Each structure stands twice: as structure tokens, then as C-alpha cells.
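K.L.:
File target.tsv below, TSV, C-alpha atoms:
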chain	number	residue	atom	x	y	z
A	87	MET	CA	-0.31	24.33	15.85
A	88	PRO	CA	-1.44	20.73	15.26
A	89	SER	CA	-1.62	18.47	18.29
A	90	LYS	CA	0.91	15.72	18.76
A	91	GLN	CA	0.06	12.26	17.50
A	92	LYS	CA	-0.30	9.78	20.34
A	93	ILE	CA	1.29	6.33	20.54
A	94	LEU	CA	0.43	3.66	23.08
A	95	ILE	CA	3.27	1.24	23.89
A	96	VAL	CA	2.14	-2.09	25.33
A	97	ASP	CA	5.18	-4.01	26.57
A	98	ASP	CA	6.06	-5.59	29.92
A	99	ASP	CA	9.80	-5.15	29.30
A	100	ALA	CA	10.41	-1.75	30.89
A	101	ASN	CA	13.82	-1.30	29.25
A	102	ILE	CA	12.51	-1.86	25.73
A	103	ALA	CA	9.42	0.28	26.34
A	104	GLU	CA	11.48	3.17	27.68
A	105	LEU	CA	13.92	2.97	24.77
A	106	ILE	CA	11.08	3.06	22.25
A	107	SER	CA	9.48	5.92	24.15
A	108	LEU	CA	12.73	7.89	24.07
A	109	TYR	CA	13.05	7.60	20.30
A	110	LEU	CA	9.41	8.46	19.67
A	111	THR	CA	9.45	11.41	22.07
A	112	LYS	CA	12.41	12.84	20.16
A	113	GLU	CA	10.20	12.70	17.06
A	114	PHE	CA	7.58	14.77	18.94
A	115	TYR	CA	5.05	11.99	19.52
A	116	GLU	CA	3.05	11.85	22.74
A	117	VAL	CA	3.75	8.45	24.29
A	118	GLN	CA	2.14	6.39	27.01
A	119	ILE	CA	3.39	3.01	28.27
A	120	VAL	CA	1.36	0.17	29.79
A	121	GLU	CA	2.66	-3.21	30.90
A	122	ASP	CA	-0.15	-5.63	30.11
A	123	GLY	CA	-3.14	-6.22	27.88
A	124	GLU	CA	-5.80	-5.42	30.48
A	125	GLN	CA	-4.24	-2.01	31.08
A	126	ALA	CA	-4.04	-1.42	27.34
A	127	LEU	CA	-7.76	-2.00	26.85
A	128	GLN	CA	-8.63	0.14	29.87
A	129	ILE	CA	-6.59	3.13	28.73
A	130	PHE	CA	-7.37	2.81	25.02
A	131	ASN	CA	-10.61	4.83	25.13
A	132	THR	CA	-9.27	7.60	27.35
A	133	PHE	CA	-5.86	8.02	25.69
A	134	GLN	CA	-7.23	7.55	22.15
A	135	PRO	CA	-3.89	6.71	20.51
A	136	ASN	CA	-3.20	7.26	16.83
A	137	LEU	CA	-1.14	4.05	16.79
A	138	ILE	CA	-0.42	1.10	19.10
A	139	LEU	CA	2.91	-0.72	19.48
A	140	LEU	CA	1.84	-4.08	20.83
A	141	ASP	CA	4.13	-6.75	22.27
A	142	LEU	CA	2.79	-10.29	21.83
A	143	MET	CA	4.23	-11.93	24.94
A	144	LEU	CA	2.31	-10.14	27.69
A	145	PRO	CA	1.32	-11.38	31.14
A	146	GLY	CA	-2.30	-12.50	31.30
A	147	MET	CA	-4.00	-11.39	28.08
A	148	ASP	CA	-1.50	-11.79	25.24
A	149	GLY	CA	-1.01	-9.44	22.30
A	150	TYR	CA	-3.14	-11.52	19.95
A	151	GLN	CA	-6.11	-11.24	22.32
A	152	VAL	CA	-5.56	-7.50	22.74
A	153	CYS	CA	-5.43	-7.01	18.97
A	154	ARG	CA	-8.61	-9.02	18.48
A	155	GLU	CA	-10.45	-7.00	21.11
A	156	ILE	CA	-9.30	-3.63	19.78
A	157	ARG	CA	-10.36	-4.60	16.26
A	158	THR	CA	-13.94	-5.09	17.50
A	159	ARG	CA	-14.08	-1.41	18.40
A	160	SER	CA	-11.51	0.47	16.32
A	161	ASP	CA	-9.33	0.51	13.19
A	162	THR	CA	-6.47	2.26	15.03
A	163	PRO	CA	-3.21	1.07	13.41
A	164	ILE	CA	-1.36	-1.66	15.32
A	165	ILE	CA	2.29	-2.66	14.93
A	166	MET	CA	3.03	-5.98	16.63
A	167	LEU	CA	6.39	-6.50	18.32
A	168	SER	CA	7.59	-10.04	18.97
A	169	ALA	CA	10.60	-12.30	19.37
A	170	LYS	CA	8.60	-14.85	17.37
A	171	GLY	CA	9.85	-14.78	13.80
A	172	GLU	CA	7.97	-17.74	12.33
A	173	VAL	CA	5.79	-17.10	9.29
A	174	PHE	CA	2.81	-18.58	11.15
A	175	ASP	CA	3.07	-15.97	13.90
A	176	LYS	CA	3.31	-13.12	11.39
A	177	VAL	CA	0.38	-14.36	9.33
A	178	LEU	CA	-1.75	-14.85	12.46
A	179	GLY	CA	-1.01	-11.31	13.57
A	180	LEU	CA	-1.98	-9.91	10.17
A	181	GLU	CA	-5.14	-11.99	10.02
A	182	LEU	CA	-6.20	-10.60	13.40
A	183	GLY	CA	-5.87	-7.09	12.00
A	184	ALA	CA	-2.31	-5.92	12.72
A	185	ASP	CA	-0.91	-3.40	10.23
A	186	ASP	CA	2.74	-4.38	10.63
A	187	TYR	CA	4.89	-6.91	12.45
A	188	MET	CA	8.45	-6.36	13.73
A	189	ILE	CA	10.77	-9.00	15.14
A	190	LYS	CA	12.80	-8.37	18.29
A	191	PRO	CA	15.53	-7.30	18.53
A	192	PHE	CA	14.91	-4.49	16.07
A	193	ASP	CA	16.65	-1.28	15.17
A	194	SER	CA	14.94	1.65	16.88
A	195	LYS	CA	15.38	3.91	13.86
A	196	GLU	CA	13.62	1.35	11.66
A	197	LEU	CA	10.78	1.17	14.16
A	198	VAL	CA	10.36	4.95	14.06
A	199	ALA	CA	10.39	4.84	10.24
A	200	ARG	CA	7.66	2.19	10.22
A	201	VAL	CA	5.59	4.14	12.72
A	202	LYS	CA	5.76	7.16	10.43
A	203	ALA	CA	4.90	5.07	7.37
A	204	VAL	CA	1.84	3.50	9.00
A	205	LEU	CA	0.62	6.85	10.31
A	206	ARG	CA	1.02	8.42	6.86
A	207	ARG	CA	-1.13	5.72	5.31
A	208	PHE	CA	-3.81	6.11	7.96
A	209	GLN	CA	-4.14	9.89	7.86
A	210	PRO	CA	-7.11	11.15	5.83
A	211	ALA	CA	-6.34	13.36	2.87
A	212	ARG	CA	-6.13	17.13	3.46
A	213	ALA	CA	-9.36	19.06	3.05
A	214	ASP	CA	-7.91	20.87	0.05
A	215	ALA	CA	-6.89	17.68	-1.73
A	216	ALA	CA	-8.75	16.83	-4.90
A	217	PRO	CA	-11.53	14.46	-3.81
A	218	ALA	CA	-11.94	12.89	-7.25
A	219	SER	CA	-8.48	11.32	-7.06
A	220	LYS	CA	-9.38	9.64	-3.79
A	221	LEU	CA	-12.72	8.14	-4.80
A	222	VAL	CA	-13.40	5.01	-6.85
A	223	GLN	CA	-16.93	3.86	-7.67
A	224	TYR	CA	-18.36	0.71	-9.20
A	225	PRO	CA	-21.85	-0.79	-9.05
A	226	ASP	CA	-22.59	-1.46	-5.35
A	227	LEU	CA	-19.09	-0.37	-4.31
A	228	ILE	CA	-17.68	3.02	-3.26
A	229	ILE	CA	-14.09	3.26	-2.00
A	230	ASN	CA	-13.21	6.65	-0.53
A	231	GLN	CA	-9.58	7.09	0.49
A	232	SER	CA	-10.20	10.68	1.61
A	233	ASN	CA	-12.12	9.56	4.68
A	234	TYR	CA	-11.07	5.88	4.62
A	235	SER	CA	-14.52	4.45	4.05
A	236	VAL	CA	-15.89	1.61	1.94
A	237	VAL	CA	-19.59	1.27	1.13
A	238	TYR	CA	-20.59	-2.12	-0.26
A	239	ARG	CA	-24.18	-2.81	-1.32
A	240	GLY	CA	-25.32	0.27	0.60
A	241	LYS	CA	-23.60	-0.62	3.87
A	242	THR	CA	-20.36	0.72	5.35
A	243	VAL	CA	-17.69	-1.98	5.64
A	244	GLU	CA	-15.12	-1.59	8.40
A	245	MET	CA	-11.56	-2.45	7.42
A	246	PRO	CA	-8.01	-1.56	8.57
A	247	PRO	CA	-6.03	1.01	6.55
A	248	LYS	CA	-3.91	-1.49	4.61
A	249	GLU	CA	-6.93	-3.46	3.42
A	250	LEU	CA	-8.65	-0.31	2.20
A	251	GLU	CA	-5.51	0.97	0.47
A	252	LEU	CA	-4.94	-2.36	-1.25
A	253	LEU	CA	-8.54	-2.44	-2.47
A	254	PHE	CA	-8.37	1.20	-3.59
A	255	PHE	CA	-5.09	0.66	-5.43
A	256	LEU	CA	-6.36	-2.37	-7.35
A	257	ALA	CA	-9.75	-0.81	-8.09
A	258	SER	CA	-8.07	2.38	-9.35
A	259	SER	CA	-6.46	0.36	-12.16
A	260	PRO	CA	-9.20	-2.00	-13.35
A	261	ASN	CA	-8.07	-5.16	-15.18
A	262	GLN	CA	-4.39	-4.35	-14.61
A	263	VAL	CA	-2.39	-7.22	-13.14
A	264	PHE	CA	-0.03	-6.50	-10.26
A	265	THR	CA	2.53	-8.90	-8.82
A	266	ARG	CA	2.66	-9.47	-5.09
A	267	GLU	CA	6.01	-7.68	-5.02
A	268	GLN	CA	4.52	-4.61	-6.73
A	269	LEU	CA	1.65	-4.53	-4.25
A	270	LEU	CA	4.02	-4.88	-1.30
A	271	ASP	CA	6.16	-2.06	-2.60
A	272	HIS	CA	3.21	0.28	-3.17
A	273	ILE	CA	1.13	-0.43	-0.06
A	274	TRP	CA	3.87	-1.08	2.49
A	275	GLY	CA	6.52	1.15	0.98
A	276	TYR	CA	9.49	-0.94	2.08
A	277	GLU	CA	10.70	-4.52	1.99
A	278	TYR	CA	8.36	-6.24	4.41
A	279	ILE	CA	9.84	-8.66	6.94
A	280	GLY	CA	8.43	-11.99	5.89
A	281	ASP	CA	7.25	-12.89	2.41
A	282	THR	CA	4.61	-12.12	-0.17
A	283	ARG	CA	2.02	-14.10	1.79
A	284	THR	CA	1.34	-10.75	3.45
A	285	VAL	CA	-0.54	-9.74	0.29
A	286	ASP	CA	-2.39	-13.07	0.16
A	287	VAL	CA	-3.60	-12.59	3.74
A	288	HIS	CA	-4.99	-9.14	3.00
A	289	ILE	CA	-6.68	-10.30	-0.23
A	290	LYS	CA	-8.28	-13.14	1.71
A	291	ARG	CA	-9.63	-10.70	4.30
A	292	LEU	CA	-10.96	-8.39	1.57
A	293	ARG	CA	-12.76	-11.27	-0.13
A	294	GLU	CA	-14.46	-12.15	3.14
A	295	LYS	CA	-15.88	-8.63	3.33
A	296	ILE	CA	-16.34	-7.78	-0.39
A	297	LYS	CA	-17.89	-10.66	-2.31
A	298	ASP	CA	-17.62	-11.08	-6.08
A	299	HIS	CA	-20.08	-8.90	-7.98
A	300	GLU	CA	-21.65	-9.59	-11.35
A	301	SER	CA	-19.80	-6.52	-12.70
A	302	TRP	CA	-16.43	-6.85	-10.93
A	303	ARG	CA	-14.33	-9.04	-8.66
A	304	LEU	CA	-10.94	-9.39	-6.97
A	305	ALA	CA	-9.30	-11.91	-9.27
A	306	THR	CA	-6.24	-14.09	-8.79
A	307	VAL	CA	-3.86	-14.30	-11.73
A	308	TRP	CA	-2.18	-17.60	-11.02
A	309	GLY	CA	1.58	-17.50	-10.81
A	310	ILE	CA	1.62	-13.70	-11.01
A	311	GLY	CA	-0.57	-11.81	-8.58
A	312	TYR	CA	-3.95	-10.06	-8.48
A	313	LYS	CA	-6.19	-7.67	-10.37
A	314	PHE	CA	-9.51	-5.90	-9.93
A	315	GLU	CA	-11.43	-7.44	-12.81
A	316	VAL	CA	-14.20	-5.42	-14.39
A	317	LYS	CA	-16.53	-7.30	-16.72
What is this structure when it is put down as C-alpha cells?
P.N.:
Amino acid sequence: MPSKQKILIVDDDANIAELISLYLTKEFYEVQIVEDGEQALQIFNTFQPNLILLDLMLPGMDGYQVCREIRTRSDTPIIMLSAKGEVFDKVLGLELGADDYMIKPFDSKELVARVKAVLRRFQPARADAAPASKLVQYPDLIINQSNYSVVYRGKTVEMPPKELELLFFLASSPNQVFTREQLLDHIWGYEYIGDTRTVDVHIKRLREKIKDHESWRLATVWGIGYKFEVK
């Protein structure tokens, strides 16, 4: 029998944390709650969560700092929880490496659905899955969605699940133009809270890690969206 997936809840509001824990426990997740950022970083290595639900407004070290620190050591999916609904706050969270962003108050059933969606995207493909369908290769670039790895110019490039999936999706359909809405729908799988700048943020982060090549590049199609251009 497969072991339960583990979720770390980081929230100093005991009522909200317990409510989230109740819903997730009913879905057979193993849950642990901590009240501040320092505790979260201390327990991260020992608990080894599959996903982190991270409140932004924490005593001492805030959620942004916690996210930044975790991203230096792991690509574990992070869903940020915040009463801050401004676009700036969402974009900042995504730029720091969060995989999703939910605004309080939120519906607990929607939160559970998003947790499941993020975990599905992060899970490696089954061993019996056809590896060819999960591998894309170009000169100096190998994107493997089976084990969630990217090798660029001979070196492994670390990136969160959404970045890798966005790159894989575009590279799997060379020279095909996709709108931001199409990319949101395929990668996120639901109507994201916010706007299509979510895609722009992830493209920006990809371009910082994967520079234009003489044979291919991540190209902007002005007024429409993006494509993986092969020359």
C-alpha cells in the first residue's frame, strides 16, 4: 500500500490551520502544523513534506522569506495563503517560486482541489509509462518530464514543477503559438486567481535559466502569447 502524501501547514491562525488539516486528513493526507517560519524550516528536513501550505503573514520570518529559503534547497511545491489580494503580492510570490496562490478567505474544498492538482503535476510518471512521450530533446537542451529534470548545455537546471511543465509543453509543439489563456488552462488546469501575468512571470524565470540558443528560443508573439521557436 502506498504511503500517505505529507502536507506541511504553516499558519499562525490555529483555527484556519485546524480546519485545513481536517479537510486534508479526510482526503487521507498526513498533515503537520507549525505556527511560524522558523519552525517550518526546522521541521522541513525531518518531515519531508510533499507539499507546503504557507501563510504569508507569519510572526518573525514571513512567508516570502520562508519560500525563498526553501527554494534554495528544494523544489517541493508551495501554495501560498494570504489575505493580500493585490496583483503585486501574487506576482512576488510566484517570482519567489510559489506554485500557487490563494486568497483568504477561501473555500476549503477549492483548497483541497488545488492541493490535488499541484501534487498531480509534481508526481513523476509511472515506471511503466512510455518514456518517449515524456522526453523532449534539442541541441544543448533535454527536458525530461518523467523525472522532472532539465539539462541545459550539459548541466542540470533546477526549476519548480510549473516552470518545467510550461517549458516541456511549449517545446513539445515547436513553432506553435499558444495564448496566455491556453497556457494557463493547460498548465494550471483551472481559472487561476489573478490574471495572465502568471504566465509572463514563469516565462521570465525560464528565460533567466534557459538562454536563447542558436537553434531555438522561447519567443514572444506580441499581442498573442508565446512559442518555442525552432530555427
K.L.:
Need the shell around Ile102 (chain A): protein/DNA/RNA residues with any atom at most 12 Å away, counting only C-alpha atoms. Skip same-chain ones fewer than 2 positions apart. Format as a ChimeraX atom specification?
P.N.:
/A:95-100,104-109,119,121,139-141,167-168,190-194
K.L.:
For Arg207 (chain A), which residue among A:Arg157, A:Lys112, A:Lys170, A:Lys248 is the nearest when counting only C-alpha atoms?
P.N.:
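Closest candidate: A:Lys248.
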K.L.:
Give me, as a list in words, all polymer residues having an atom no more than 10 Å from Arg293 (chain A), counting all atoms listed in the file and skipping those fewer than 5 positions away in the same chain.
P.N.:
His288, Asp298, Arg303, Leu304 and Ala305 of chain A
K.L.:
How would the residues just picked look written out with C-alpha atoms as an mmCIF file, in the frame of the given file?
P.N.:
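result.cif, freshly written:
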data_model
loop_
_atom_site.group_PDB
_atom_site.id
_atom_site.type_symbol
_atom_site.label_atom_id
_atom_site.label_comp_id
_atom_site.auth_asym_id
_atom_site.auth_seq_id
_atom_site.Cartn_x
_atom_site.Cartn_y
_atom_site.Cartn_z
ATOM 1 C CA HIS A 288 -4.990 -9.140 3.000
ATOM 2 C CA ASP A 298 -17.620 -11.080 -6.080
ATOM 3 C CA ARG A 303 -14.330 -9.040 -8.660
ATOM 4 C CA LEU A 304 -10.940 -9.390 -6.970
ATOM 5 C CA ALA A 305 -9.300 -11.910 -9.270
#
K.L.:
Within 8 Å of region 249-254 of chain A, counting all atoms listed in the file, which residues show up once you throw out same-chain ones fewer than 2 positions away? Write them as a PyMOL selection string, please.
P.N.:
chain A and resi 222+229-231+234-236+245-247+256-258+269+273+288-289+291-292
K.L.:
Quick one: distance from CA of Arg154 (chain A) to CA of Leu182 (chain A) in Å, one decimal?
P.N.:
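Distance between the two atoms: 5.8 Å.
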K.L.:
So how far away is CA of Arg200 (chain A) from CA of Glu172 (chain A), in Å?
P.N.:
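Taking CA of Glu172 (chain A) and CA of Arg200 (chain A), their separation equals 20.0 Å.
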K.L.:
Considering all atoms listed in the file, return as a PyMOL selection string whatever protein or nucleic-acid residues lie within 12 Å of Arg239 (chain A), sequence-local ones (same chain, fewer than 5 positions apart) excluded.
P.N.:
chain A and resi 223-229+295-299
K.L.:
What does the distance between CA of Gly179 (chain A) and CA of Val152 (chain A) come to in Å, to one decimal place?
P.N.:
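Taking CA of Gly179 (chain A) and CA of Val152 (chain A), their separation equals 10.9 Å.
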K.L.:
Which polymer residues have any atom within 6 Å of an atom of region 158-163 of chain A, counting all atoms listed in the file, with same-chain residues fewer than 3 positions away left out, as JSON, numbers by chain?
P.N.:
{"A": [137, 155, 185, 246]}
K.L.:
With distances taken over all atoms listed in the file, which of A:Tyr312, A:Phe133, A:Tyr238, A:Phe114 is nearest to Leu270 (chain A)?
P.N.:
A:Tyr312
K.L.:
Which residue is closest to Arg283 (chain A)? Choose from A:Phe130, A:Phe208, A:Phe174, A:Tyr150 and count all atoms listed in the file.
P.N.:
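For Arg283 (chain A), the nearest of the candidates is A:Phe174.
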K.L.:
Which residue, A:Val285, A:Lys176, A:Asp122, A:Val201, has the smallest gap to Asp148 (chain A) when you use only C-alpha atoms?
P.N.:
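For Asp148 (chain A), the nearest of the given residues is A:Asp122.
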K.L.:
Which residue, A:Asn136, A:Gln118, A:Ser259, A:Asn131, has the smallest gap to Leu205 (chain A) when you use all atoms listed in the file?
P.N.:
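Checking each candidate against Leu205 (chain A), we get A:Asn136 as the closest.
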